[in-house]
Amino acid sequence: MRQLSRRDALALGASGAALTITGWSTSASAAAKEAAEQIAKFTGGKTAEKGKVTIELPEIAENGNTVPLSVSVDAPMTADNYVSEILLVAEGNPNPGVATFHLSPLAGKAEASTRIRLATTQNIIAVAKTSKGEFFTNQKLVKVTIGGCGG
Amino acid sequence: MAEKPRLKIPKEVKKGEVIEIKTLLPHVMESGQRKDKDGKTIPRKIINKFVCEFNGKPVFTADLDPAIAANPYIQFHAKVDESGTFKFTWTDDDGTITTAEEKITVS
């Protein structure tokens with residue numbers, strides 16, 4: 001049996017590492033795909049227009065167990081034209097769903113805040129639906145130091 | 001799990017004013033992702049729905065997923081045109097319902 005040369009050993013190691021990386025990216029994109037599916041279900045297949053939605057999140061979340069999040073939509077809240085729903089999804093969590101807010105004109109202002117869990121560094125996407133059937137979206141990247149799932 | 005919810009809401013407002021309402025219910029929000037010492041998954045147990053009504057009319061509802069942190073905190077707004085009562089309802093996965101009411105006066 002031929003002995004492995006130093007170069008062969010390195011090549012083997014490199015391909016192993018490449019495999020690991022590919023494995024990683026598939027699982028990450030699976031979560032993102034699930035998030036995209038959830039958004040498509042929410043919009044009924046329509047494309048949401050980018051803008052009008054603002055997501056406030058810390059740039060770096062040290063503790064993924066509780067991350068403050070605010071979402072607001074720059075749109076009127078009158079009886080016949082208002083923001084009726086806001087969907088929040090996290091692309092990198094085991095389950096992408098975070099919350100769905102349903103608003104009535106009585107809410108007065110299309111804005112809500114909560115505290116969320118984040119497993120890892122990822123994009124948070126918000127999609128707003130108006131009573132007229134328009135969709136607006138935006139996303140924000142948040143870096144997570146210590147994940148808040150499992151444990 | 002009959003923990004008392006915490007609410008922050010003004011008692012008196014001017015007609016037509018948009019107020020901020022802060023709510024928090026002490027709850028573990030067990031995500032269903034964690035494992036116990038023996039490696040068994042701890043079953044999910046979360047508050048999955050929050051509803052706020054004013055004089056019986058819906059104001060704000062939230063469908064919550066396990067990604068909401070423990071002790072779910074929800075802040076939102078309400079436009080107050082008349083005196084009345086805000087009613088808040090939290091629904092647990094196990095069917096337990098926690099409610100709270102708060103009166104508000106339009107001056």
# chains A, B, ... in the order shown; residues from 1 in each chain; ligands from 1

$ select_by_dssp --residues "stretch 23-128 of chain A" --states "alpha helix (DSSP H)" --output "ChimeraX atom specification"
/A:23-43

$ closest_atom_pairs --of "chain A" --to "chain B" --cutoff "9 Å" --atoms "only C-alpha atoms" --output "Markdown table"
| residue | atom | partner | partner_atom | distance |
| --- | --- | --- | --- | --- |
| A:Asn65 | CA | B:Ala69 | CA | 6.3 |
| A:Thr66 | CA | B:Ala69 | CA | 5.3 |
| A:Val67 | CA | B:Ala69 | CA | 7.8 |
| A:Ser70 | CA | B:Gln75 | CA | 8.8 |
| A:Ala90 | CA | B:Ala67 | CA | 8.4 |
| A:Asn93 | CA | B:Ala67 | CA | 7.9 |
| A:Pro94 | CA | B:Gln33 | CA | 8.2 |
| A:Asn95 | CA | B:Ala67 | CA | 7.8 |
| A:Pro96 | CA | B:Ala67 | CA | 8.2 |
| A:Gly97 | CA | B:Asp65 | CA | 5.9 |
| A:Val98 | CA | B:Ala67 | CA | 5.0 |
| A:Ala99 | CA | B:Leu64 | CA | 4.6 |
| A:Thr100 | CA | B:Asp63 | CA | 5.1 |
| A:Phe101 | CA | B:Ala62 | CA | 4.4 |
| A:His102 | CA | B:Thr61 | CA | 4.9 |
| A:Leu103 | CA | B:Phe60 | CA | 4.8 |
| A:Ser104 | CA | B:Val59 | CA | 5.2 |
| A:Pro105 | CA | B:Val59 | CA | 7.3 |
| A:Leu106 | CA | B:Val59 | CA | 5.2 |
| A:Ala107 | CA | B:Ala78 | CA | 4.0 |
| A:Gly108 | CA | B:Lys79 | CA | 4.6 |
| A:Lys109 | CA | B:His77 | CA | 5.9 |
| A:Ala110 | CA | B:His77 | CA | 7.8 |
| A:Glu111 | CA | B:Phe76 | CA | 6.1 |
| A:Ala112 | CA | B:Phe76 | CA | 4.5 |
| A:Ser113 | CA | B:Gln75 | CA | 4.9 |
| A:Thr114 | CA | B:Ile74 | CA | 4.8 |
| A:Arg115 | CA | B:Ala69 | CA | 5.5 |
| A:Ile116 | CA | B:Ile68 | CA | 4.4 |
| A:Arg117 | CA | B:Ala67 | CA | 4.8 |
| A:Leu118 | CA | B:Ala67 | CA | 7.1 |
| A:Gly148 | CA | B:Ala69 | CA | 8.8 |
| A:Cys149 | CA | B:Gln33 | CA | 6.5 |
| A:Gly150 | CA | B:Arg34 | CA | 4.1 |
| A:Gly151 | CA | B:Arg34 | CA | 6.0 |

$ select_by_dssp --residues "stretch 41-105 of chain A" --states "strand (DSSP E)" --output "ChimeraX atom specification"
/A:49-50,53-56,60-63,67-73,83-90,97-103

$ residues_around --residues "A:Leu141" --least-positions-apart "6" --cutoff "12 Å" --atoms "only C-alpha atoms" --output "list in words"
Ile55, Glu56, Leu57, Pro58, Glu59, Ile60, Ala61, Ala90, Glu91, Gly92, Leu118, Thr120, Thr121, Gln122, Asn123, Ile124, Ile125 and Ala126 of chain A

$ write_last_selection --atoms "all heavy atoms" --output "short mmCIF file (atom, residue, chain, number, x, y, z; two decimals), in the first residue's frame"
data_model
loop_
_atom_site.label_atom_id
_atom_site.label_comp_id
_atom_site.auth_asym_id
_atom_site.auth_seq_id
_atom_site.Cartn_x
_atom_site.Cartn_y
_atom_site.Cartn_z
N ILE A 55 -37.66 47.88 10.92
CA ILE A 55 -37.43 46.92 12.01
C ILE A 55 -36.32 47.49 12.88
O ILE A 55 -35.27 47.86 12.38
CB ILE A 55 -36.99 45.54 11.47
CG1 ILE A 55 -37.94 45.04 10.39
CG2 ILE A 55 -36.87 44.53 12.60
CD1 ILE A 55 -37.41 43.81 9.64
N GLU A 56 -36.59 47.56 14.15
CA GLU A 56 -35.55 48.01 15.09
C GLU A 56 -35.09 46.82 15.90
O GLU A 56 -35.87 46.16 16.57
CB GLU A 56 -36.10 49.08 16.02
CG GLU A 56 -36.03 50.47 15.43
CD GLU A 56 -36.63 51.49 16.36
OE1 GLU A 56 -36.19 51.55 17.53
OE2 GLU A 56 -37.55 52.19 15.92
N LEU A 57 -33.78 46.58 15.81
CA LEU A 57 -33.16 45.45 16.53
C LEU A 57 -31.75 45.90 16.89
O LEU A 57 -31.17 46.71 16.18
CB LEU A 57 -33.00 44.27 15.57
CG LEU A 57 -34.12 43.26 15.40
CD1 LEU A 57 -33.86 42.42 14.19
CD2 LEU A 57 -34.24 42.37 16.62
N PRO A 58 -31.18 45.35 17.96
CA PRO A 58 -29.78 45.69 18.21
C PRO A 58 -28.91 45.12 17.09
O PRO A 58 -29.25 44.09 16.52
CB PRO A 58 -29.48 45.02 19.55
CG PRO A 58 -30.53 43.98 19.70
CD PRO A 58 -31.73 44.45 18.95
N GLU A 59 -27.81 45.81 16.75
CA GLU A 59 -26.94 45.31 15.70
C GLU A 59 -26.29 43.99 16.14
O GLU A 59 -26.15 43.06 15.38
CB GLU A 59 -25.86 46.34 15.42
CG GLU A 59 -25.70 46.63 13.94
CD GLU A 59 -24.84 47.84 13.74
OE1 GLU A 59 -25.39 48.97 13.77
OE2 GLU A 59 -23.63 47.66 13.60
N ILE A 60 -25.91 43.97 17.41
CA ILE A 60 -25.32 42.75 17.98
C ILE A 60 -26.14 42.38 19.21
O ILE A 60 -26.29 43.18 20.13
CB ILE A 60 -23.85 42.98 18.38
CG1 ILE A 60 -23.02 43.32 17.14
CG2 ILE A 60 -23.28 41.75 19.09
CD1 ILE A 60 -21.62 43.76 17.43
N ALA A 61 -26.69 41.17 19.20
CA ALA A 61 -27.45 40.68 20.36
C ALA A 61 -26.53 39.74 21.13
O ALA A 61 -26.15 38.70 20.62
CB ALA A 61 -28.69 39.96 19.90
N ALA A 90 -37.87 34.73 11.20
CA ALA A 90 -36.43 34.70 11.46
C ALA A 90 -35.84 33.62 10.56
O ALA A 90 -36.22 32.45 10.66
CB ALA A 90 -36.18 34.38 12.92
N GLU A 91 -34.91 34.01 9.69
CA GLU A 91 -34.38 33.07 8.68
C GLU A 91 -33.50 31.97 9.25
O GLU A 91 -33.31 30.95 8.61
CB GLU A 91 -33.57 33.85 7.64
CG GLU A 91 -34.37 34.41 6.52
CD GLU A 91 -33.48 34.86 5.37
OE1 GLU A 91 -32.32 35.21 5.63
OE2 GLU A 91 -33.96 34.86 4.23
N GLY A 92 -32.94 32.18 10.44
CA GLY A 92 -31.96 31.22 10.94
C GLY A 92 -32.37 30.48 12.20
O GLY A 92 -31.54 29.85 12.85
N LEU A 118 -33.32 34.28 19.29
CA LEU A 118 -32.59 34.06 18.05
C LEU A 118 -31.52 33.01 18.27
O LEU A 118 -30.72 33.12 19.20
CB LEU A 118 -31.96 35.38 17.58
CG LEU A 118 -32.96 36.46 17.18
CD1 LEU A 118 -32.25 37.77 16.92
CD2 LEU A 118 -33.77 36.05 15.97
N THR A 120 -29.09 32.14 16.13
CA THR A 120 -27.80 32.45 15.53
C THR A 120 -27.89 33.78 14.78
O THR A 120 -28.97 34.36 14.68
CB THR A 120 -27.39 31.29 14.59
OG1 THR A 120 -26.16 31.62 13.98
CG2 THR A 120 -28.42 31.06 13.49
N THR A 121 -26.77 34.24 14.27
CA THR A 121 -26.76 35.45 13.44
C THR A 121 -27.63 35.22 12.22
O THR A 121 -27.51 34.19 11.56
CB THR A 121 -25.30 35.75 13.02
OG1 THR A 121 -24.58 36.05 14.20
CG2 THR A 121 -25.23 36.91 12.05
N GLN A 122 -28.53 36.14 11.95
CA GLN A 122 -29.49 35.91 10.87
C GLN A 122 -30.26 37.16 10.49
O GLN A 122 -30.17 38.18 11.15
CB GLN A 122 -30.49 34.85 11.31
CG GLN A 122 -31.23 35.24 12.58
CD GLN A 122 -32.17 34.15 13.04
OE1 GLN A 122 -33.16 33.89 12.39
NE2 GLN A 122 -31.85 33.49 14.13
N ASN A 123 -31.05 37.04 9.42
CA ASN A 123 -31.93 38.10 8.98
C ASN A 123 -33.31 37.94 9.60
O ASN A 123 -33.84 36.84 9.66
CB ASN A 123 -32.11 38.04 7.46
CG ASN A 123 -30.99 38.73 6.73
OD1 ASN A 123 -30.54 39.80 7.14
ND2 ASN A 123 -30.54 38.14 5.64
N ILE A 124 -33.87 39.06 10.03
CA ILE A 124 -35.26 39.09 10.48
C ILE A 124 -36.04 39.80 9.38
O ILE A 124 -35.62 40.86 8.92
CB ILE A 124 -35.42 39.88 11.79
CG1 ILE A 124 -34.47 39.34 12.86
CG2 ILE A 124 -36.86 39.86 12.29
CD1 ILE A 124 -34.69 37.91 13.21
N ILE A 125 -37.14 39.21 8.96
CA ILE A 125 -37.92 39.80 7.88
C ILE A 125 -39.31 40.15 8.42
O ILE A 125 -39.93 39.36 9.14
CB ILE A 125 -38.07 38.81 6.70
CG1 ILE A 125 -36.69 38.34 6.23
CG2 ILE A 125 -38.82 39.46 5.54
CD1 ILE A 125 -36.73 37.15 5.31
N ALA A 126 -39.76 41.35 8.08
CA ALA A 126 -41.12 41.76 8.44
C ALA A 126 -41.89 42.03 7.15
O ALA A 126 -41.35 42.61 6.22
CB ALA A 126 -41.09 43.01 9.31
#

$ atom_distance --atom1 "atom CA of B:Val106" --atom2 "atom CA of B:Lys87"
16.7 Å

$ closest_residue --among "A:Ile86, A:Lys33, A:Asn81, A:Gly45" --to "A:Lys132" --atoms "only C-alpha atoms"
A:Asn81

$ closest_residue --among "B:Ile104, B:Leu7, B:Ile97, B:Val13" --to "B:Ile46" --atoms "only C-alpha atoms"
B:Ile97

$ closest_residue --among "B:Glu82, B:Glu12, B:Glu101, B:Asp93" --to "B:His27" --atoms "only C-alpha atoms"
B:Asp93
